[in-house]
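Asker: Here it is, the structure, as structure tokens.
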Amino acid sequence: MKIQHRVLNGDQLENMIDLILVKNKTEGNLKAHKILKDTVDVRTLLALSGGTAPNYKKMIVEPDDFIPGAIAVVDERYGEQFHKNSNELLLKKAGVKEFADSHCIETHKIITGNSFLDTEKIYEKTVGELFEKFKKRVAVMGIGANLHTAGIFPHSAALKSPDYVVAQVVDDKFPKRISLTLKALGEFDSFVVLMFGKEKRKALEILLDEKEHDMQKYPAIFYRKTHAKVSLITDIA
């Protein structure tokens, strides 16, 4: 199913979202693998998000049949390195680091033991260098029930920042976040977006509602505005 281009204000075009319906999260992650296999190569920067939707062991590690040029993290819950709620710990447990090392793929963490604001500055430099090096950029993303994506929360600094990375405190169980910004997401060519569970039904309805355009309130509406290819995989019928 594809959400077709729609004309807004006479000349602004909505993006075409490839909406892929699956039976469950397992099938969704296998579908994500197929898309990545067909999209990613050694010229590609692959950015990975955390959360409960992606299973990188099934999506990347076990198939072991495509190799990106570099792997970076989309956002992180600030704290000690590999703290128990860390996205980077999730990637490590899934075997992403071991997979990358076995194929000599460069990897880039956000948390390096520096202060909150210094971490922002360091990762801003890293992301800028990655964008210079890799012109092909693909990201695996999730969407929250409040339509946040990455660490880009409603009315947060990451929506308006002129930088690629922002350190911010948001209204969430994990408030201190280091995240790519909306500006950074605008540099990507392709997104694989995962959205599972009936609790996300309202969020999906808002995302696909052509009458909703407020990205400050609903950041994930970005995926309808971007010129990048968007594959949205969901089990929400």
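All residue names refer to the structure tokens as shown: chains lettered A, B, ... in order, residues numbered from 1 in each chain, ligands numbered from 1 in order.
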Would you kindly return, as a ChimeraX atom specification, each protein, DNA or RNA residue with an atom no farther than 8 Å from any atom of range 140-152 of chain A, considering only C-alpha atoms and excluding same-chain residues fewer than 2 positions away?
Answerer: /A:46-51,53-54,74-76,138,154,156-159,177-182,191-195,199-200,202-203,207,218-221
Asker: Do you know which residues are at most 7 Å from Ser190 in chain A counting only C-alpha atoms, after dropping those on the same chain fewer than 6 positions away, and could you put them as a PyMOL selection string?
Answerer: chain A and resi 137-139+228-230
Asker: Counting only C-alpha atoms, what is within 10 Å of Val96 in chain A, bar same-chain residues fewer than 6 positions away, as a list in words?
Answerer: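 Contacts, in chain order: Leu48, Tyr56, Lys57, Ile60, Val61, Glu62, Ile71, Glu88, Leu90, Ser102 and Thr107 of chain A.
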Asker: Restricting it to all heavy atoms, dump the selection as a PDB file, in the first residue's frame.
Answerer:
ATOM      1  N   LEU A  48      21.214   3.477  13.081  1.00  0.00           N
ATOM      2  CA  LEU A  48      20.300   2.576  13.782  1.00  0.00           C
ATOM      3  C   LEU A  48      19.739   3.240  15.032  1.00  0.00           C
ATOM      4  O   LEU A  48      20.473   3.834  15.819  1.00  0.00           O
ATOM      5  CB  LEU A  48      21.027   1.287  14.175  1.00  0.00           C
ATOM      6  CG  LEU A  48      21.679   0.497  13.026  1.00  0.00           C
ATOM      7  CD1 LEU A  48      22.371  -0.731  13.576  1.00  0.00           C
ATOM      8  CD2 LEU A  48      20.652   0.118  11.967  1.00  0.00           C
ATOM      9  N   TYR A  56      17.795  -6.301  15.766  1.00  0.00           N
ATOM     10  CA  TYR A  56      18.929  -6.245  14.846  1.00  0.00           C
ATOM     11  C   TYR A  56      19.621  -7.591  14.669  1.00  0.00           C
ATOM     12  O   TYR A  56      20.309  -7.809  13.672  1.00  0.00           O
ATOM     13  CB  TYR A  56      19.913  -5.172  15.301  1.00  0.00           C
ATOM     14  CG  TYR A  56      19.342  -3.786  15.177  1.00  0.00           C
ATOM     15  CD1 TYR A  56      19.197  -2.955  16.279  1.00  0.00           C
ATOM     16  CD2 TYR A  56      18.908  -3.306  13.943  1.00  0.00           C
ATOM     17  CE1 TYR A  56      18.656  -1.683  16.164  1.00  0.00           C
ATOM     18  CE2 TYR A  56      18.368  -2.042  13.812  1.00  0.00           C
ATOM     19  CZ  TYR A  56      18.239  -1.242  14.924  1.00  0.00           C
ATOM     20  OH  TYR A  56      17.686   0.012  14.802  1.00  0.00           O
ATOM     21  N   LYS A  57      19.411  -8.483  15.619  1.00  0.00           N
ATOM     22  CA  LYS A  57      19.962  -9.830  15.448  1.00  0.00           C
ATOM     23  C   LYS A  57      19.320 -10.501  14.245  1.00  0.00           C
ATOM     24  O   LYS A  57      20.000 -11.120  13.419  1.00  0.00           O
ATOM     25  CB  LYS A  57      19.725 -10.655  16.711  1.00  0.00           C
ATOM     26  CG  LYS A  57      20.434 -12.003  16.711  1.00  0.00           C
ATOM     27  CD  LYS A  57      20.319 -12.681  18.066  1.00  0.00           C
ATOM     28  CE  LYS A  57      21.101 -13.977  18.085  1.00  0.00           C
ATOM     29  NZ  LYS A  57      21.007 -14.652  19.414  1.00  0.00           N
ATOM     30  N   ILE A  60      19.931  -7.879  10.857  1.00  0.00           N
ATOM     31  CA  ILE A  60      21.270  -7.631  10.301  1.00  0.00           C
ATOM     32  C   ILE A  60      22.260  -8.751  10.601  1.00  0.00           C
ATOM     33  O   ILE A  60      22.925  -9.265   9.700  1.00  0.00           O
ATOM     34  CB  ILE A  60      21.831  -6.300  10.867  1.00  0.00           C
ATOM     35  CG1 ILE A  60      20.947  -5.125  10.443  1.00  0.00           C
ATOM     36  CG2 ILE A  60      23.267  -6.080  10.418  1.00  0.00           C
ATOM     37  CD1 ILE A  60      21.329  -3.803  11.090  1.00  0.00           C
ATOM     38  N   VAL A  61      22.359  -9.129  11.876  1.00  0.00           N
ATOM     39  CA  VAL A  61      23.469  -9.978  12.323  1.00  0.00           C
ATOM     40  C   VAL A  61      23.358 -11.406  11.794  1.00  0.00           C
ATOM     41  O   VAL A  61      24.303 -11.936  11.192  1.00  0.00           O
ATOM     42  CB  VAL A  61      23.551  -9.972  13.865  1.00  0.00           C
ATOM     43  CG1 VAL A  61      24.641 -10.932  14.344  1.00  0.00           C
ATOM     44  CG2 VAL A  61      23.827  -8.559  14.374  1.00  0.00           C
ATOM     45  N   GLU A  62      22.232 -12.062  12.019  1.00  0.00           N
ATOM     46  CA  GLU A  62      22.101 -13.469  11.610  1.00  0.00           C
ATOM     47  C   GLU A  62      22.074 -13.640  10.085  1.00  0.00           C
ATOM     48  O   GLU A  62      22.736 -14.554   9.575  1.00  0.00           O
ATOM     49  CB  GLU A  62      20.853 -14.088  12.244  1.00  0.00           C
ATOM     50  CG  GLU A  62      21.018 -14.330  13.735  1.00  0.00           C
ATOM     51  CD  GLU A  62      19.825 -15.029  14.358  1.00  0.00           C
ATOM     52  OE1 GLU A  62      18.760 -15.117  13.709  1.00  0.00           O
ATOM     53  OE2 GLU A  62      19.950 -15.465  15.521  1.00  0.00           O
ATOM     54  N   ILE A  71      28.359   2.251  10.497  1.00  0.00           N
ATOM     55  CA  ILE A  71      27.154   2.160  11.320  1.00  0.00           C
ATOM     56  C   ILE A  71      27.230   3.215  12.414  1.00  0.00           C
ATOM     57  O   ILE A  71      28.251   3.334  13.101  1.00  0.00           O
ATOM     58  CB  ILE A  71      26.999   0.768  11.951  1.00  0.00           C
ATOM     59  CG1 ILE A  71      26.838  -0.302  10.861  1.00  0.00           C
ATOM     60  CG2 ILE A  71      25.809   0.729  12.904  1.00  0.00           C
ATOM     61  CD1 ILE A  71      26.815  -1.730  11.389  1.00  0.00           C
ATOM     62  N   GLU A  88      22.644   1.811  22.959  1.00  0.00           N
ATOM     63  CA  GLU A  88      23.897   1.200  22.527  1.00  0.00           C
ATOM     64  C   GLU A  88      24.104  -0.174  23.157  1.00  0.00           C
ATOM     65  O   GLU A  88      24.703  -1.060  22.541  1.00  0.00           O
ATOM     66  CB  GLU A  88      25.056   2.145  22.822  1.00  0.00           C
ATOM     67  CG  GLU A  88      24.983   3.387  21.940  1.00  0.00           C
ATOM     68  CD  GLU A  88      25.951   4.496  22.308  1.00  0.00           C
ATOM     69  OE1 GLU A  88      26.620   4.401  23.347  1.00  0.00           O
ATOM     70  OE2 GLU A  88      26.015   5.474  21.532  1.00  0.00           O
ATOM     71  N   LEU A  90      21.587  -2.166  23.763  1.00  0.00           N
ATOM     72  CA  LEU A  90      20.672  -2.982  22.943  1.00  0.00           C
ATOM     73  C   LEU A  90      21.377  -3.453  21.674  1.00  0.00           C
ATOM     74  O   LEU A  90      21.293  -4.621  21.296  1.00  0.00           O
ATOM     75  CB  LEU A  90      19.423  -2.170  22.609  1.00  0.00           C
ATOM     76  CG  LEU A  90      18.329  -2.814  21.750  1.00  0.00           C
ATOM     77  CD1 LEU A  90      16.971  -2.243  22.129  1.00  0.00           C
ATOM     78  CD2 LEU A  90      18.552  -2.601  20.256  1.00  0.00           C
ATOM     79  N   SER A 102      33.681  -7.981  12.608  1.00  0.00           N
ATOM     80  CA  SER A 102      34.036  -9.139  11.773  1.00  0.00           C
ATOM     81  C   SER A 102      34.137  -8.764  10.304  1.00  0.00           C
ATOM     82  O   SER A 102      34.820  -9.455   9.527  1.00  0.00           O
ATOM     83  CB  SER A 102      33.008 -10.257  11.963  1.00  0.00           C
ATOM     84  OG  SER A 102      31.759  -9.905  11.401  1.00  0.00           O
ATOM     85  N   THR A 107      32.236   1.775  13.240  1.00  0.00           N
ATOM     86  CA  THR A 107      31.045   2.029  14.054  1.00  0.00           C
ATOM     87  C   THR A 107      31.272   3.275  14.905  1.00  0.00           C
ATOM     88  O   THR A 107      32.408   3.585  15.282  1.00  0.00           O
ATOM     89  CB  THR A 107      30.729   0.843  14.974  1.00  0.00           C
ATOM     90  OG1 THR A 107      31.867   0.560  15.808  1.00  0.00           O
ATOM     91  CG2 THR A 107      30.366  -0.399  14.181  1.00  0.00           C
TER      92      THR A 107
END
Asker: What separation in Å, quoted to one decimal, exists between CA of Ala237 in chain A and CA of Ile20 in chain A?
Answerer: 10.1 Å
Asker: Find the residue from A:Leu19, A:Leu130, A:Ile206, A:Leu45 that sits nearest to Tyr164 in chain A; use only C-alpha atoms when measuring.
Answerer: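 For Tyr164 in chain A, the nearest of the given residues is A:Leu130.
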Asker: Please report the interatomic distance between CA of Gly28 in chain A and CA of Glu205 in chain A in Å with one decimal.
Answerer: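 We find that CA of Gly28 in chain A and CA of Glu205 in chain A lie 18.8 Å from each other.
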Asker: Using only C-alpha atoms, determine which residues lie at most 10 Å from Arg43 in chain A, disregarding the query and same-chain residues fewer than 5 positions distant; provide the list as a list in words.
Answerer: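 My list of contacting residues is Ile67, Pro68, Gly69, Ala70, Lys133, Phe134, Lys135, Lys136 and Arg137 of chain A.
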Asker: Go ahead and save the residues from that selection, with N, CA and C atoms, as a compact mmCIF listing (two decimals), in the first residue's frame.
Answerer:
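Wrote part00.txt, looks like this:
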# COMPACT_ATOMS: atom_id res chain seq x y z
N ILE A 67 26.65 -5.40 3.69
CA ILE A 67 27.70 -4.72 4.46
C ILE A 67 27.64 -3.21 4.19
N PRO A 68 27.30 -2.42 5.21
CA PRO A 68 27.34 -0.96 5.05
C PRO A 68 28.77 -0.44 5.18
N GLY A 69 28.95 0.81 4.78
CA GLY A 69 30.27 1.42 4.94
C GLY A 69 30.56 1.81 6.36
N ALA A 70 29.52 2.22 7.09
CA ALA A 70 29.66 2.61 8.48
C ALA A 70 28.31 2.46 9.18
N LYS A 133 31.56 11.93 4.19
CA LYS A 133 32.17 10.71 3.65
C LYS A 133 31.18 9.83 2.90
N PHE A 134 29.93 9.76 3.39
CA PHE A 134 28.94 8.86 2.80
C PHE A 134 27.77 9.67 2.25
N LYS A 135 27.63 9.68 0.95
CA LYS A 135 26.54 10.41 0.30
C LYS A 135 25.26 9.59 0.26
N LYS A 136 25.39 8.29 0.47
CA LYS A 136 24.23 7.41 0.56
C LYS A 136 23.96 7.12 2.03
N ARG A 137 22.73 7.43 2.48
CA ARG A 137 22.44 7.36 3.93
C ARG A 137 21.09 6.71 4.16
Asker: Excluding Val40 in chain A and residues on its chain fewer than 2 positions from it, collect all residues at most 7 Å away from it, counting only C-alpha atoms, and give them as a list in words.
Answerer: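 Surrounding residues, per the criterion: Leu36, Lys37, Asp38, Thr44, Phe66, Ile67 and Pro68 of chain A.
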Asker: Could you save the residues just selected, with N, CA, C and O atoms, as an mmCIF file, in the first residue's frame?
Answerer:
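The result, written out as again_13.cif:
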data_model
loop_
_atom_site.group_PDB
_atom_site.id
_atom_site.type_symbol
_atom_site.label_atom_id
_atom_site.label_comp_id
_atom_site.auth_asym_id
_atom_site.auth_seq_id
_atom_site.Cartn_x
_atom_site.Cartn_y
_atom_site.Cartn_z
ATOM 1 N N LEU A 36 16.757 -3.605 3.598
ATOM 2 C CA LEU A 36 18.139 -3.181 3.802
ATOM 3 C C LEU A 36 19.094 -3.924 2.872
ATOM 4 O O LEU A 36 20.027 -3.333 2.328
ATOM 5 N N LYS A 37 18.852 -5.215 2.696
ATOM 6 C CA LYS A 37 19.710 -6.001 1.804
ATOM 7 C C LYS A 37 19.690 -5.423 0.393
ATOM 8 O O LYS A 37 20.710 -5.402 -0.306
ATOM 9 N N ASP A 38 18.523 -4.959 -0.035
ATOM 10 C CA ASP A 38 18.377 -4.411 -1.386
ATOM 11 C C ASP A 38 18.860 -2.958 -1.495
ATOM 12 O O ASP A 38 18.997 -2.440 -2.609
ATOM 13 N N THR A 44 27.308 3.086 1.950
ATOM 14 C CA THR A 44 26.164 3.550 2.732
ATOM 15 C C THR A 44 26.504 3.785 4.197
ATOM 16 O O THR A 44 27.141 2.940 4.840
ATOM 17 N N PHE A 66 24.618 -8.329 3.932
ATOM 18 C CA PHE A 66 24.893 -7.020 3.355
ATOM 19 C C PHE A 66 25.850 -6.287 4.279
ATOM 20 O O PHE A 66 25.871 -6.526 5.490
ATOM 21 N N ILE A 67 26.648 -5.395 3.692
ATOM 22 C CA ILE A 67 27.697 -4.715 4.458
ATOM 23 C C ILE A 67 27.637 -3.212 4.194
ATOM 24 O O ILE A 67 27.893 -2.767 3.076
ATOM 25 N N PRO A 68 27.300 -2.419 5.206
ATOM 26 C CA PRO A 68 27.343 -0.961 5.054
ATOM 27 C C PRO A 68 28.772 -0.444 5.180
ATOM 28 O O PRO A 68 29.672 -1.165 5.624
#
Asker: How far is it from CA of Glu129 in chain A to CA of Leu185 in chain A, in Å with one decimal?
Answerer: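 Atom-to-atom, CA of Glu129 in chain A to CA of Leu185 in chain A, that is 15.1 Å.
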Asker: Can you list, as a list of chain:residue names, every protein, DNA or RNA residue that comes within 6 Å of range 113-128 of chain A when you count only C-alpha atoms, leaving out same-chain residues fewer than 4 positions away?
Answerer: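 The neighbour list is A:Tyr164, A:Val165, A:Val166, A:Ala167.
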Asker: Next, dump the selected residues to file, keeping only all heavy atoms, as a compact mmCIF listing (two decimals), in the first residue's frame.
Answerer:
# COMPACT_ATOMS: atom_id res chain seq x y z
N TYR A 164 23.20 19.17 13.56
CA TYR A 164 22.86 17.78 13.28
C TYR A 164 22.54 16.99 14.54
O TYR A 164 21.86 15.97 14.47
CB TYR A 164 24.00 17.09 12.54
CG TYR A 164 24.21 17.56 11.13
CD1 TYR A 164 25.51 17.78 10.64
CD2 TYR A 164 23.15 17.76 10.25
CE1 TYR A 164 25.72 18.20 9.33
CE2 TYR A 164 23.34 18.18 8.94
CZ TYR A 164 24.64 18.40 8.50
OH TYR A 164 24.85 18.82 7.20
N VAL A 165 23.08 17.41 15.67
CA VAL A 165 22.93 16.68 16.93
C VAL A 165 22.56 17.66 18.03
O VAL A 165 23.05 18.80 18.06
CB VAL A 165 24.26 15.96 17.30
CG1 VAL A 165 24.15 15.30 18.67
CG2 VAL A 165 24.62 14.92 16.23
N VAL A 166 21.70 17.21 18.94
CA VAL A 166 21.32 18.06 20.05
C VAL A 166 21.29 17.25 21.35
O VAL A 166 20.93 16.07 21.35
CB VAL A 166 19.94 18.73 19.80
CG1 VAL A 166 18.82 17.71 19.85
CG2 VAL A 166 19.66 19.84 20.79
N ALA A 167 21.73 17.89 22.43
CA ALA A 167 21.56 17.35 23.78
C ALA A 167 20.38 18.09 24.39
O ALA A 167 20.37 19.32 24.42
CB ALA A 167 22.83 17.57 24.61
